[in-house]
$ cat coords37.tsv   # TSV, C-alpha atoms
chain	number	residue	atom	x	y	z
A	138	ASN	CA	0.00	0.00	0.00
A	139	ASP	CA	1.74	3.17	-1.20
A	140	LEU	CA	2.04	5.86	1.50
A	141	SER	CA	4.41	8.15	-0.37
A	142	SER	CA	3.99	11.92	0.13
A	143	ASN	CA	4.67	15.12	-1.79
A	144	ASN	CA	2.67	14.44	-4.94
A	145	THR	CA	4.50	11.31	-6.03
A	146	THR	CA	4.14	10.67	-9.75
A	147	GLY	CA	6.27	7.55	-10.27
A	148	TRP	CA	6.59	4.21	-8.52
A	149	ASN	CA	9.33	1.67	-9.11
A	150	TRP	CA	8.73	-1.47	-7.06
A	151	SER	CA	11.19	-4.34	-6.66
A	152	ALA	CA	10.37	-7.67	-4.99
A	153	PRO	CA	13.01	-10.30	-5.86
A	154	GLY	CA	11.59	-13.82	-5.63
A	155	ALA	CA	7.98	-12.70	-6.08
A	156	THR	CA	5.60	-12.78	-9.01
A	157	PRO	CA	5.90	-10.24	-10.49
A	158	GLU	CA	9.36	-9.16	-9.35
A	159	THR	CA	8.90	-5.53	-10.46
A	160	SER	CA	5.98	-3.15	-10.94
A	161	GLY	CA	5.27	0.45	-11.88
A	162	ALA	CA	1.77	0.49	-10.40
A	163	GLN	CA	0.98	2.64	-7.38
A	164	ASN	CA	-0.38	-0.24	-5.27
A	165	PRO	CA	0.80	-3.54	-6.77
A	166	SER	CA	0.36	-7.06	-5.44
A	167	PHE	CA	3.23	-9.55	-5.11
A	168	THR	CA	2.94	-13.32	-4.63
A	169	PHE	CA	5.69	-15.34	-2.94
A	170	ALA	CA	5.36	-19.03	-3.79
A	171	ALA	CA	8.09	-20.38	-1.51
A	172	PRO	CA	8.70	-19.81	2.20
A	173	GLY	CA	11.57	-17.56	3.17
A	174	ALA	CA	12.63	-13.97	3.94
A	175	TYR	CA	12.10	-11.38	1.22
A	176	THR	CA	12.49	-7.61	0.73
A	177	ILE	CA	10.06	-5.30	-1.06
A	178	THR	CA	11.57	-1.99	-2.16
A	179	LEU	CA	9.83	1.14	-3.47
A	180	GLU	CA	11.56	3.96	-5.30
A	181	ALA	CA	9.10	6.87	-5.37
A	182	SER	CA	9.69	9.85	-7.64
A	183	ASN	CA	8.35	13.21	-8.79
A	184	ALA	CA	9.79	16.24	-10.55
A	185	ALA	CA	11.88	17.10	-7.49
A	186	GLY	CA	13.68	13.76	-7.17
A	187	THR	CA	13.41	10.23	-5.77
A	188	SER	CA	13.09	8.52	-2.40
A	189	MET	CA	13.49	4.84	-1.48
A	190	GLN	CA	12.08	2.59	1.26
A	191	SER	CA	12.42	-1.17	1.87
A	192	ILE	CA	10.31	-3.50	4.02
A	193	SER	CA	11.17	-7.11	4.86
A	194	VAL	CA	8.51	-9.81	4.72
A	195	SER	CA	8.59	-13.34	6.11
A	196	VAL	CA	6.73	-16.15	4.34
A	197	GLY	CA	6.01	-19.25	6.42
A	198	ASP	CA	5.46	-22.83	5.32
A	199	ILE	CA	2.68	-25.33	5.99
A	200	PRO	CA	3.89	-27.78	8.68
A	201	GLU	CA	4.91	-31.35	7.92
A	202	ALA	CA	3.43	-33.94	10.29
A	203	SER	CA	5.70	-36.91	10.96
A	204	PHE	CA	6.21	-39.32	13.85
A	205	ALA	CA	7.58	-42.72	14.82
A	206	ALA	CA	5.45	-45.07	16.94
A	207	SER	CA	6.47	-48.26	18.72
A	208	ILE	CA	5.17	-50.72	21.29
A	209	ALA	CA	7.55	-53.21	22.91
A	210	PRO	CA	6.57	-56.88	22.44
A	211	GLY	CA	4.17	-57.99	25.14
A	212	GLN	CA	3.61	-54.41	26.34
A	213	THR	CA	0.67	-52.00	26.03
A	214	THR	CA	2.39	-48.59	26.30
A	215	LEU	CA	2.80	-46.60	23.09
A	216	SER	CA	6.09	-44.72	22.65
A	217	LEU	CA	6.05	-41.74	20.27
A	218	THR	CA	8.80	-39.63	18.67
A	219	ASN	CA	7.49	-36.45	17.07
A	220	ASN	CA	9.48	-35.61	13.91
A	221	SER	CA	7.15	-32.89	12.62
A	222	GLN	CA	8.58	-29.76	11.00
A	223	ASP	CA	7.43	-26.12	11.39
A	224	ALA	CA	4.48	-26.94	13.68
A	225	VAL	CA	3.42	-25.02	16.78
A	226	SER	CA	0.62	-27.25	18.03
A	227	TYR	CA	-0.27	-30.94	17.88
A	228	ALA	CA	-3.43	-33.04	18.11
A	229	TRP	CA	-3.03	-36.79	18.68
A	230	ASP	CA	-5.73	-39.44	18.27
A	231	PHE	CA	-4.73	-42.86	19.61
A	232	GLY	CA	-7.54	-44.76	17.87
A	233	ASP	CA	-9.17	-46.01	21.07
A	234	GLY	CA	-11.21	-42.94	21.96
A	235	ASN	CA	-8.33	-41.14	23.71
A	236	SER	CA	-6.40	-38.08	22.53
A	237	SER	CA	-3.67	-35.62	23.55
A	238	THR	CA	-2.26	-32.21	22.62
A	239	GLU	CA	1.20	-32.84	24.09
A	240	THR	CA	4.23	-32.78	21.82
A	241	GLU	CA	5.29	-36.38	22.58
A	242	PRO	CA	2.66	-38.04	24.76
A	243	ALA	CA	2.76	-41.57	26.15
A	244	HIS	CA	-0.34	-43.71	25.99
A	245	THR	CA	-1.30	-47.10	27.41
A	246	TYR	CA	-3.90	-49.24	25.67
A	247	ALA	CA	-6.43	-51.14	27.75
A	248	GLN	CA	-7.00	-53.94	25.26
A	249	ASP	CA	-5.13	-55.90	22.62
A	250	GLY	CA	-5.83	-54.94	19.03
A	251	THR	CA	-4.74	-52.90	16.03
A	252	TYR	CA	-5.11	-49.13	16.38
A	253	THR	CA	-4.61	-46.19	14.00
A	254	VAL	CA	-2.59	-43.38	15.59
A	255	GLN	CA	-3.15	-39.99	13.94
A	256	LEU	CA	-1.20	-36.74	14.35
A	257	ILE	CA	-2.39	-33.33	13.12
A	258	ALA	CA	0.42	-30.73	13.15
A	259	THR	CA	-0.66	-27.07	12.86
A	260	ASN	CA	0.82	-23.59	12.49
A	261	ALA	CA	-0.46	-20.22	11.26
A	262	CYS	CA	-0.17	-21.35	7.62
A	263	GLY	CA	-2.22	-24.54	7.90
A	264	SER	CA	-2.03	-28.13	9.05
A	265	ASP	CA	-0.81	-31.55	7.97
A	266	THR	CA	-1.87	-35.05	9.01
A	267	SER	CA	0.09	-38.27	9.45
A	268	SER	CA	-1.14	-41.67	10.65
A	269	GLN	CA	0.26	-45.11	11.48
A	270	GLU	CA	-1.15	-48.45	12.60
A	271	VAL	CA	0.14	-50.06	15.79
A	272	SER	CA	-0.59	-53.53	17.16
A	273	VAL	CA	-0.97	-54.34	20.84
A	274	VAL	CA	-0.40	-57.97	21.80
A	275	THR	CA	0.15	-58.58	25.51
A	276	ALA	CA	2.03	-61.58	26.87
A	277	PRO	CA	-0.19	-64.52	27.86
A	278	THR	CA	-0.84	-65.59	31.44
A	279	ALA	CA	-0.65	-69.38	31.72
A	280	ALA	CA	-3.54	-71.03	33.55
A	281	PHE	CA	-5.30	-74.38	33.37
A	282	GLU	CA	-7.49	-76.81	35.27
A	283	LEU	CA	-7.77	-80.62	35.41
A	284	ASP	CA	-10.97	-82.61	35.21
A	285	ALA	CA	-9.58	-84.63	38.14
A	286	ALA	CA	-6.42	-84.39	40.26
A	287	SER	CA	-6.36	-87.95	41.61
A	288	GLY	CA	-7.48	-91.43	40.60
A	289	CYS	CA	-6.47	-95.05	40.17
A	290	ALA	CA	-3.78	-96.26	37.77
A	291	PRO	CA	-3.98	-96.15	34.86
A	292	PHE	CA	-5.21	-92.63	35.46
A	293	ALA	CA	-6.25	-90.40	32.52
A	294	VAL	CA	-6.55	-86.69	33.10
A	295	GLN	CA	-8.05	-84.13	30.75
A	296	VAL	CA	-6.52	-80.64	30.75
A	297	ASN	CA	-8.63	-77.50	30.19
A	298	ASP	CA	-6.59	-74.47	29.08
A	299	LEU	CA	-7.58	-71.20	30.82
A	300	SER	CA	-4.68	-69.04	29.58
A	301	SER	CA	-5.51	-65.40	28.85
A	302	ASN	CA	-4.46	-62.64	26.43
A	303	ASN	CA	-5.09	-64.40	23.13
A	304	THR	CA	-2.66	-67.28	23.64
A	305	THR	CA	-1.54	-68.79	20.31
A	306	GLY	CA	0.87	-71.54	21.41
A	307	TRP	CA	0.92	-74.23	24.11
A	308	ASN	CA	3.84	-76.34	25.35
A	309	TRP	CA	2.72	-78.93	27.91
A	310	SER	CA	5.04	-81.12	29.98
A	311	ALA	CA	3.86	-84.10	32.09
A	312	PRO	CA	6.90	-86.27	33.01
A	313	GLY	CA	5.85	-89.89	33.55
A	314	ALA	CA	2.64	-89.60	31.54
A	315	MET	CA	1.73	-90.78	28.09
A	316	PRO	CA	2.41	-88.59	26.21
A	317	GLU	CA	4.97	-86.63	28.23
A	318	ILE	CA	4.72	-83.50	26.07
A	319	SER	CA	2.01	-81.93	23.93
A	320	ASN	CA	1.36	-78.78	21.91
A	321	ALA	CA	-2.41	-79.19	21.81
A	322	GLN	CA	-4.53	-76.58	23.56
A	323	ASN	CA	-6.42	-79.10	25.70
A	324	PRO	CA	-4.47	-82.39	25.77
A	325	SER	CA	-5.10	-85.58	27.73
A	326	PHE	CA	-2.39	-87.36	29.76
A	327	THR	CA	-2.44	-90.94	31.06
A	328	PHE	CA	-0.38	-92.04	34.09
A	329	ALA	CA	0.15	-95.84	34.01
A	330	ALA	CA	1.83	-96.21	37.42
A	331	PRO	CA	0.83	-94.93	40.86
A	332	GLY	CA	2.71	-91.89	42.17
A	333	ALA	CA	2.78	-88.12	42.43
A	334	TYR	CA	3.21	-86.22	39.16
$ encode --input "coords37.tsv" --output "structure tokens"
Amino acid sequence: NDLSSNNTTGWNWSAPGATPETSGAQNPSFTFAAPGAYTITLEASNAAGTSMQSISVSVGDIPEASFAASIAPGQTTLSLTNNSQDAVSYAWDFGDGNSSTETEPAHTYAQDGTYTVQLIATNACGSDTSSQEVSVVTAPTAAFELDAASGCAPFAVQVNDLSSNNTTGWNWSAPGAMPEISNAQNPSFTFAAPGAY
């Protein structure tokens, strides 16, 4: 916006890096496509001479949202590293109904599953979104029951697996029984001789 005084009759604008870079209009418009620091200069003139003024402008960039997410095997706590660029505020969505506005929050999931973690990074120029999937698989807790704990030889016992946390593998050991080992979820063992096992 030209504020020149004393009956100015000529305007010579210079804005390196803008479109356009020069203008002879009284009140031109310049567009800066890339972020950075720029200088706009006006040389105003009339019959008595010329005068010059420069003003610096700063052009910001839209932020870039980026993060790394990890969960240790058998654990439920999400670890986050925020790698976003040019952001001033953050909005996290952990995919389980919980959220945070901290820069690098920690979050613990209540249940096993696959969750989508989303980050929205924001500054005065706009916002950017990044998302990742994380899987939560907690370690199992071994538990089982027998259909009977005593009997007469040959004594057959049926095992009922009660292990929790989505157990996917079983390794049974029953020294002295037939069989002595099993990988079935609910095996049966037979003890041919009397004794404690």
$ closest_residue --input "coords37.tsv" --among "A:Val271, A:Val296, A:Leu140, A:Met189" --to "Ser207 of chain A" --atoms "only C-alpha atoms"
A:Val271
$ residues_around --input "coords37.tsv" --residues "segment 274-277 of chain A" --least-positions-apart "3" --cutoff "10 Å" --atoms "only C-alpha atoms" --output "PyMOL selection string"
chain A and resi 208-213+248-251+271+280+300-306
$ closest_residue --input "coords37.tsv" --among "A:Thr156, A:Asn164, A:Ser195, A:Thr327" --to "Met315 of chain A" --atoms "all atoms listed in the file"
A:Thr327
$ closest_residue --input "coords37.tsv" --among "A:Asp284, A:Ala329, A:Asp298, A:Ala174" --to "Gly313 of chain A" --atoms "all atoms listed in the file"
A:Ala329
$ closest_residue --input "coords37.tsv" --among "A:Ala228, A:Ala243, A:Ile192, A:Ala162" --to "Ser216 of chain A" --atoms "all atoms listed in the file"
A:Ala243
$ closest_residue --input "coords37.tsv" --among "A:Ile177, A:Cys289, A:Ala258, A:Ala171" --to "Ser203 of chain A" --atoms "all atoms listed in the file"
A:Ala258
$ atom_distance --input "coords37.tsv" --atom1 "atom CA of Thr278 of chain A" --atom2 "atom CA of Pro324 of chain A"
18.1 Å
$ closest_residue --input "coords37.tsv" --among "A:Val273, A:Ser142, A:Ala181, A:Asp198" --to "Ser160 of chain A" --atoms "only C-alpha atoms"
A:Ala181
$ atom_distance --input "coords37.tsv" --atom1 "atom CA of Tyr334 of chain A" --atom2 "atom CA of Gln322 of chain A"
19.9 Å
